[in-house]
file start.tsv (TSV, C-alpha atoms)
chain	number	residue	atom	x	y	z
A	216	VAL	CA	120.71	111.14	100.36
A	217	THR	CA	122.61	113.03	103.06
A	218	VAL	CA	122.60	111.55	106.57
A	219	SER	CA	123.22	113.97	109.43
A	220	ALA	CA	122.95	113.92	113.20
A	221	ALA	CA	119.36	114.32	114.41
A	222	GLU	CA	118.46	116.88	117.07
A	223	PRO	CA	116.47	115.50	120.04
A	224	GLY	CA	112.79	116.42	120.13
A	225	ILE	CA	109.97	116.78	117.59
A	226	THR	CA	110.79	118.28	114.20
A	227	PRO	CA	107.75	119.54	112.28
A	228	MET	CA	107.24	117.92	108.89
A	229	ASN	CA	107.39	120.02	105.77
A	230	GLY	CA	104.55	120.11	103.27
A	231	LEU	CA	106.02	117.39	101.07
A	232	GLN	CA	106.51	115.03	104.00
A	233	LYS	CA	102.91	115.60	105.09
A	234	ALA	CA	101.74	114.76	101.57
A	235	VAL	CA	103.70	111.49	101.71
A	236	VAL	CA	102.02	110.64	105.02
A	237	LYS	CA	98.59	111.24	103.49
A	238	ASN	CA	99.40	109.11	100.46
A	239	MET	CA	100.79	106.24	102.53
A	240	GLU	CA	97.74	106.23	104.79
A	241	TRP	CA	95.55	106.04	101.67
A	242	SER	CA	97.44	102.95	100.56
A	243	LEU	CA	96.39	101.10	103.73
A	244	SER	CA	92.81	101.10	102.47
A	245	VAL	CA	93.76	99.37	99.20
A	246	PRO	CA	94.21	95.58	98.86
A	247	THR	CA	97.59	95.08	97.21
A	248	PHE	CA	99.87	92.19	96.30
A	249	GLN	CA	103.42	91.85	94.99
A	250	VAL	CA	105.08	89.77	92.29
A	251	SER	CA	108.84	89.56	91.69
A	252	ARG	CA	111.07	88.46	88.83
A	253	SER	CA	114.83	88.32	88.34
A	254	VAL	CA	116.08	89.89	85.10
A	255	GLU	CA	119.50	89.70	83.45
A	256	THR	CA	120.96	93.17	82.83
A	257	THR	CA	123.80	92.36	80.41
A	258	LYS	CA	122.13	93.99	77.41
A	259	LEU	CA	120.77	96.91	79.46
A	260	ASP	CA	124.25	97.61	80.84
A	261	LYS	CA	125.79	97.45	77.36
A	262	LEU	CA	123.21	99.80	75.85
A	263	TYR	CA	123.57	102.26	78.72
A	264	ALA	CA	127.36	102.30	78.30
A	265	GLU	CA	126.87	103.14	74.60
A	266	LEU	CA	124.24	105.82	75.15
A	267	LYS	CA	125.52	107.48	78.34
A	268	PRO	CA	128.01	109.70	76.43
A	269	LYS	CA	125.02	110.96	74.43
A	270	GLY	CA	123.22	112.08	77.60
A	271	VAL	CA	120.94	109.09	78.10
A	272	THR	CA	120.18	108.27	81.75
A	273	VAL	CA	119.41	104.95	83.43
A	274	SER	CA	116.10	106.36	84.68
A	275	ALA	CA	115.03	107.26	81.14
A	276	LEU	CA	116.08	103.85	79.80
A	277	ILE	CA	114.10	101.98	82.44
A	278	ALA	CA	111.10	104.29	82.12
A	279	LYS	CA	111.10	103.70	78.36
A	280	ALA	CA	111.31	99.94	78.82
A	281	VAL	CA	108.49	100.04	81.37
A	282	GLY	CA	106.40	102.17	79.01
A	283	ILE	CA	106.86	99.63	76.22
A	284	ALA	CA	105.86	96.76	78.53
A	285	LEU	CA	102.77	98.68	79.64
A	286	THR	CA	101.58	98.90	76.02
A	287	LYS	CA	101.48	95.09	76.03
A	288	VAL	CA	99.60	94.84	79.36
A	289	PRO	CA	97.56	98.08	79.48
A	290	LEU	CA	95.58	97.01	82.55
A	291	MET	CA	98.75	97.69	84.56
A	292	ASN	CA	98.50	101.32	83.44
A	293	ALA	CA	94.88	101.64	84.54
A	294	ARG	CA	93.41	102.65	87.89
A	295	TYR	CA	90.43	101.46	89.86
A	296	VAL	CA	87.42	103.75	90.23
A	297	PRO	CA	84.18	102.79	92.02
A	298	ASP	CA	82.61	99.96	90.01
A	299	GLY	CA	84.95	100.51	87.08
A	300	ILE	CA	88.43	100.65	85.58
A	301	ASP	CA	89.82	103.94	84.27
A	302	GLN	CA	92.17	103.38	81.32
A	303	PRO	CA	94.18	106.56	80.62
A	304	ALA	CA	94.93	107.73	77.09
A	305	ASN	CA	98.68	107.98	77.72
A	306	ILE	CA	101.42	106.07	79.52
A	307	ASN	CA	102.99	108.56	81.94
A	308	VAL	CA	105.76	106.98	84.01
A	309	ALA	CA	106.54	108.66	87.33
A	310	VAL	CA	109.89	108.03	89.02
A	311	ALA	CA	110.30	108.49	92.78
A	312	VAL	CA	112.99	110.98	93.80
A	313	ALA	CA	114.09	111.56	97.41
A	314	MET	CA	114.26	115.24	98.34
A	315	PRO	CA	117.29	116.55	100.27
A	316	ASP	CA	115.13	118.10	103.00
A	317	GLY	CA	112.83	115.11	103.38
A	318	GLY	CA	109.93	113.54	101.55
A	319	LEU	CA	109.52	112.12	98.07
A	320	ILE	CA	108.38	113.57	94.78
A	321	THR	CA	107.55	111.75	91.56
A	322	PRO	CA	108.57	113.69	88.43
A	323	THR	CA	106.65	112.25	85.51
A	324	LEU	CA	107.81	111.34	82.03
A	325	GLN	CA	104.82	111.88	79.77
A	326	LYS	CA	104.14	109.35	77.00
A	327	ALA	CA	107.20	107.34	78.05
A	328	ASP	CA	106.40	104.54	75.63
A	329	SER	CA	106.50	106.69	72.51
A	330	THR	CA	108.87	109.56	73.36
A	331	ASP	CA	112.36	109.40	71.84
A	332	ILE	CA	114.93	108.14	74.39
A	333	TYR	CA	117.15	111.20	73.93
A	334	GLU	CA	114.22	113.56	74.49
A	335	LEU	CA	113.10	111.46	77.44
A	336	SER	CA	116.56	111.81	79.00
A	337	ARG	CA	116.59	115.58	78.44
A	338	GLN	CA	113.18	115.84	80.06
A	339	TRP	CA	114.30	113.71	83.00
A	340	GLY	CA	117.35	115.87	83.66
A	341	ASP	CA	115.22	119.01	83.59
A	342	LEU	CA	112.53	117.50	85.83
A	343	VAL	CA	115.03	116.35	88.47
A	344	THR	CA	116.81	119.72	88.52
A	345	ARG	CA	113.55	121.61	88.97
A	346	ALA	CA	112.22	119.04	91.46
A	347	ARG	CA	115.17	119.63	93.78
A	348	SER	CA	114.69	123.39	93.53
A	349	LYS	CA	110.92	122.91	94.09
A	350	GLU	CA	109.96	124.44	90.76
A	351	LEU	CA	107.84	121.64	89.31
A	352	LYS	CA	104.28	122.35	88.24
A	353	PRO	CA	101.60	120.06	89.73
A	354	ASP	CA	101.00	118.22	86.47
A	355	GLU	CA	104.72	117.42	86.30
A	356	TYR	CA	104.60	115.31	89.47
A	357	SER	CA	100.95	114.28	89.86
A	358	SER	CA	100.05	112.98	86.40
A	359	GLY	CA	101.74	109.59	86.55
A	360	THR	CA	99.80	106.51	85.52
A	361	PHE	CA	102.48	104.08	86.75
A	362	THR	CA	105.44	104.63	89.09
A	363	ILE	CA	109.03	103.37	89.37
A	364	SER	CA	111.05	103.35	92.59
A	365	ASN	CA	114.73	102.48	92.13
A	366	LEU	CA	116.91	101.75	95.17
A	367	GLY	CA	119.35	99.64	93.23
A	368	MET	CA	121.92	102.43	93.10
A	369	MET	CA	122.03	102.26	96.91
A	370	GLY	CA	122.88	98.57	96.93
A	371	VAL	CA	119.41	97.29	97.88
A	372	ASP	CA	118.92	93.74	96.59
A	373	ALA	CA	115.11	93.80	96.48
A	374	PHE	CA	112.20	95.59	98.12
A	375	GLY	CA	108.48	96.17	97.82
A	376	ALA	CA	107.18	99.68	97.16
A	377	ILE	CA	103.90	101.09	98.49
A	378	LEU	CA	101.22	101.79	95.90
A	379	PRO	CA	100.69	105.53	95.25
A	380	PRO	CA	97.17	106.98	95.01
A	381	ASN	CA	95.24	106.79	91.75
A	382	GLN	CA	97.53	104.24	90.14
A	383	GLY	CA	97.34	100.50	89.60
A	384	GLY	CA	100.99	99.62	90.01
A	385	ILE	CA	104.47	100.60	91.15
A	386	LEU	CA	107.71	98.86	90.18
A	387	ALA	CA	110.53	98.49	92.71
A	388	ILE	CA	114.00	97.98	91.22
A	389	GLY	CA	116.85	96.35	93.10
A	390	ALA	CA	120.59	96.40	92.43
A	391	SER	CA	122.17	94.65	89.46
A	392	LYS	CA	124.65	92.16	90.90
A	393	PRO	CA	126.78	89.31	89.54
A	394	VAL	CA	125.40	85.80	90.05
A	395	VAL	CA	126.48	82.35	88.94
A	396	ALA	CA	124.26	81.01	86.17
A	397	GLN	CA	124.13	78.41	83.42
A	398	MET	CA	125.02	80.03	80.11
A	399	ALA	CA	123.40	79.38	76.71
A	400	ASN	CA	126.21	76.95	75.84
A	401	GLY	CA	125.49	74.90	78.95
A	402	MET	CA	128.61	76.09	80.78
A	403	ILE	CA	128.58	77.80	84.16
A	404	GLY	CA	129.37	81.51	84.12
A	405	VAL	CA	128.66	84.81	85.84
A	406	VAL	CA	125.97	87.25	84.73
A	407	LYS	CA	124.47	90.35	86.31
A	408	ARG	CA	120.84	90.21	87.41
A	409	MET	CA	118.43	92.51	89.24
A	410	THR	CA	115.16	91.82	91.02
A	411	LEU	CA	112.02	93.62	89.88
A	412	THR	CA	109.03	93.67	92.26
A	413	VAL	CA	105.70	95.11	91.20
A	414	THR	CA	103.04	96.11	93.73
A	415	CYS	CA	99.51	96.11	92.31
A	416	ASP	CA	95.99	97.20	93.23
A	417	HIS	CA	94.21	93.84	93.60
A	418	ARG	CA	90.79	95.39	92.99
A	419	HIS	CA	91.35	95.30	89.25
A	420	ILE	CA	94.77	93.73	88.67
A	421	TYR	CA	95.40	90.04	89.31
A	422	GLY	CA	98.49	87.90	89.66
A	423	ALA	CA	98.47	86.77	86.03
A	424	ASP	CA	98.39	90.41	84.89
A	425	ALA	CA	101.38	91.33	87.04
A	426	ALA	CA	103.28	88.26	85.86
A	427	ALA	CA	102.51	89.10	82.23
A	428	PHE	CA	103.80	92.65	82.74
A	429	LEU	CA	107.07	91.45	84.26
A	430	LYS	CA	107.42	88.93	81.42
A	431	GLU	CA	107.01	91.68	78.82
A	432	LEU	CA	109.47	93.93	80.67
A	433	ALA	CA	112.00	91.09	80.88
A	434	GLU	CA	111.65	90.51	77.14
A	435	VAL	CA	112.48	94.17	76.48
A	436	LEU	CA	115.47	94.20	78.84
A	437	GLU	CA	116.86	90.78	77.92
A	438	GLY	CA	115.90	90.73	74.25
A	439	ASP	CA	116.65	93.12	71.39
A	440	ILE	CA	116.68	96.10	73.74
A	441	GLU	CA	118.50	98.38	71.30
A	442	THR	CA	115.77	98.07	68.68
A	443	ALA	CA	112.99	98.36	71.27
A	444	ILE	CA	114.43	101.49	72.89
A	445	LEU	CA	115.74	103.30	69.82
A	446	LYS	CA	113.00	102.63	67.27
call {"tool": "encode", "arguments": {"input": "start.tsv", "output": "structure tokens"}}
result
Amino acid sequence: VTVSAAEPGITPMNGLQKAVVKNMEWSLSVPTFQVSRSVETTKLDKLYAELKPKGVTVSALIAKAVGIALTKVPLMNARYVPDGIDQPANINVAVAVAMPDGGLITPTLQKADSTDIYELSRQWGDLVTRARSKELKPDEYSSGTFTISNLGMMGVDAFGAILPPNQGGILAIGASKPVVAQMANGMIGVVKRMTLTVTCDHRHIYGADAAAFLKELAEVLEGDIETAILK
């Protein structure tokens, strides 16, 4: 994100910024709640270091992990409709990207749970490149069933994201930072942890559902992540 001096006066918003305004105003009409969980990133960091030379991105890794967790708690992938719950056929994970000239766009990784991590990374690179040149097709940024917003790379410890329209949840990811913790052997050591905060539509998702989703995601990230991601 480039920060520059602002000119005095009113600057008209571009089309993308106006769309963000509309979406954020929609969110005010929806009852939402947030649940947070701290997750150790040792195994995620190790796997990323191994796969980065092969073209795998952090965004693709996290999207894949989120997709896997959503298969275990499918309600988090559903959206509320009047008097009902719409469960989509696929898990399409959208990832928020800030545009250089203002506004946000959410390129979407289709079938993130089942797509090969290398293909997912190739798709992500292509989507981001075309997003920044404004060449995405509507279904490439408006077909998400769940969204990720990651401000960790900017040093943000934790934050809550605003729910996008027609989705049940959005995951906010904070920075991975070293903390003092008790190790498995009972000794005190230092590990890296990050805070995950999920914002949910309370019309059909409840606290236990959000907690279950974060539990499943933590098990992917802290458990046998290599097998989960690469299988």
call {"tool": "closest_residue", "arguments": {"input": "start.tsv", "among": "A:Ala376, A:Thr226, A:Ser253, A:Ala278", "to": "Ser391 in chain A", "atoms": "all atoms listed in the file"}}
result
A:Ser253
call {"tool": "residues_near_point", "arguments": {"input": "start.tsv", "point": "(121.5, 112.1, 73.8)", "cutoff": "10 Å", "atoms": "all atoms listed in the file", "output": "list in words"}}
result
Leu266, Lys267, Pro268, Lys269, Gly270, Val271, Thr272, Asp331, Ile332, Tyr333, Glu334, Leu335, Ser336 and Arg337 of chain A
call {"tool": "atom_distance", "arguments": {"input": "start.tsv", "atom1": "CA of Gly359 in chain A", "atom2": "CA of Lys430 in chain A"}}
result
22.0 Å
call {"tool": "closest_residue", "arguments": {"input": "start.tsv", "among": "A:Glu355, A:Asp439, A:Asp328, A:Asp341", "to": "Val281 in chain A", "atoms": "only C-alpha atoms"}}
result
A:Asp328
call {"tool": "atom_distance", "arguments": {"input": "start.tsv", "atom1": "CA of Gly317 in chain A", "atom2": "CA of Ser348 in chain A"}}
result
13.0 Å
call {"tool": "atom_distance", "arguments": {"input": "start.tsv", "atom1": "CA of Leu290 in chain A", "atom2": "CA of Gly384 in chain A"}}
result
9.6 Å
call {"tool": "residues_around", "arguments": {"input": "start.tsv", "residues": "Arg345 in chain A", "least_positions_apart": "4", "cutoff": "12 Å", "atoms": "only C-alpha atoms", "output": "JSON, numbers by chain"}}
result
{"A": [312, 314, 320, 321, 322, 338, 339, 340, 341, 349, 350, 351, 352, 355, 356]}
call {"tool": "closest_residue", "arguments": {"input": "start.tsv", "among": "A:Met239, A:Met402, A:Val245, A:Val413", "to": "Tyr295 in chain A", "atoms": "only C-alpha atoms"}}
result
A:Val245
call {"tool": "residues_near_point", "arguments": {"input": "start.tsv", "point": "(98.6, 91.9, 92.2)", "cutoff": "12 Å", "atoms": "all atoms listed in the file", "output": "JSON, numbers by chain"}}
result
{"A": [245, 246, 247, 248, 249, 250, 251, 290, 291, 378, 383, 384, 385, 386, 412, 413, 414, 415, 416, 417, 418, 419, 420, 421, 422, 423, 424, 425, 426, 427, 428, 429]}
call {"tool": "closest_residue", "arguments": {"input": "start.tsv", "among": "A:Gln382, A:Gln302, A:Asn365, A:Gln232", "to": "Val273 in chain A", "atoms": "all atoms listed in the file"}}
result
A:Asn365
call {"tool": "closest_residue", "arguments": {"input": "start.tsv", "among": "A:Val310, A:Leu432, A:Leu319, A:Met228", "to": "Leu285 in chain A", "atoms": "all atoms listed in the file"}}
result
A:Leu432
call {"tool": "residues_around", "arguments": {"input": "start.tsv", "residues": "Lys258 in chain A", "least_positions_apart": "4", "cutoff": "10 Å", "atoms": "all atoms listed in the file", "output": "PyMOL selection string"}}
result
chain A and resi 262-264+407+435-441
call {"tool": "closest_residue", "arguments": {"input": "start.tsv", "among": "A:Gly230, A:Pro379, A:Gly282, A:Pro223", "to": "Glu431 in chain A", "atoms": "only C-alpha atoms"}}
result
A:Gly282
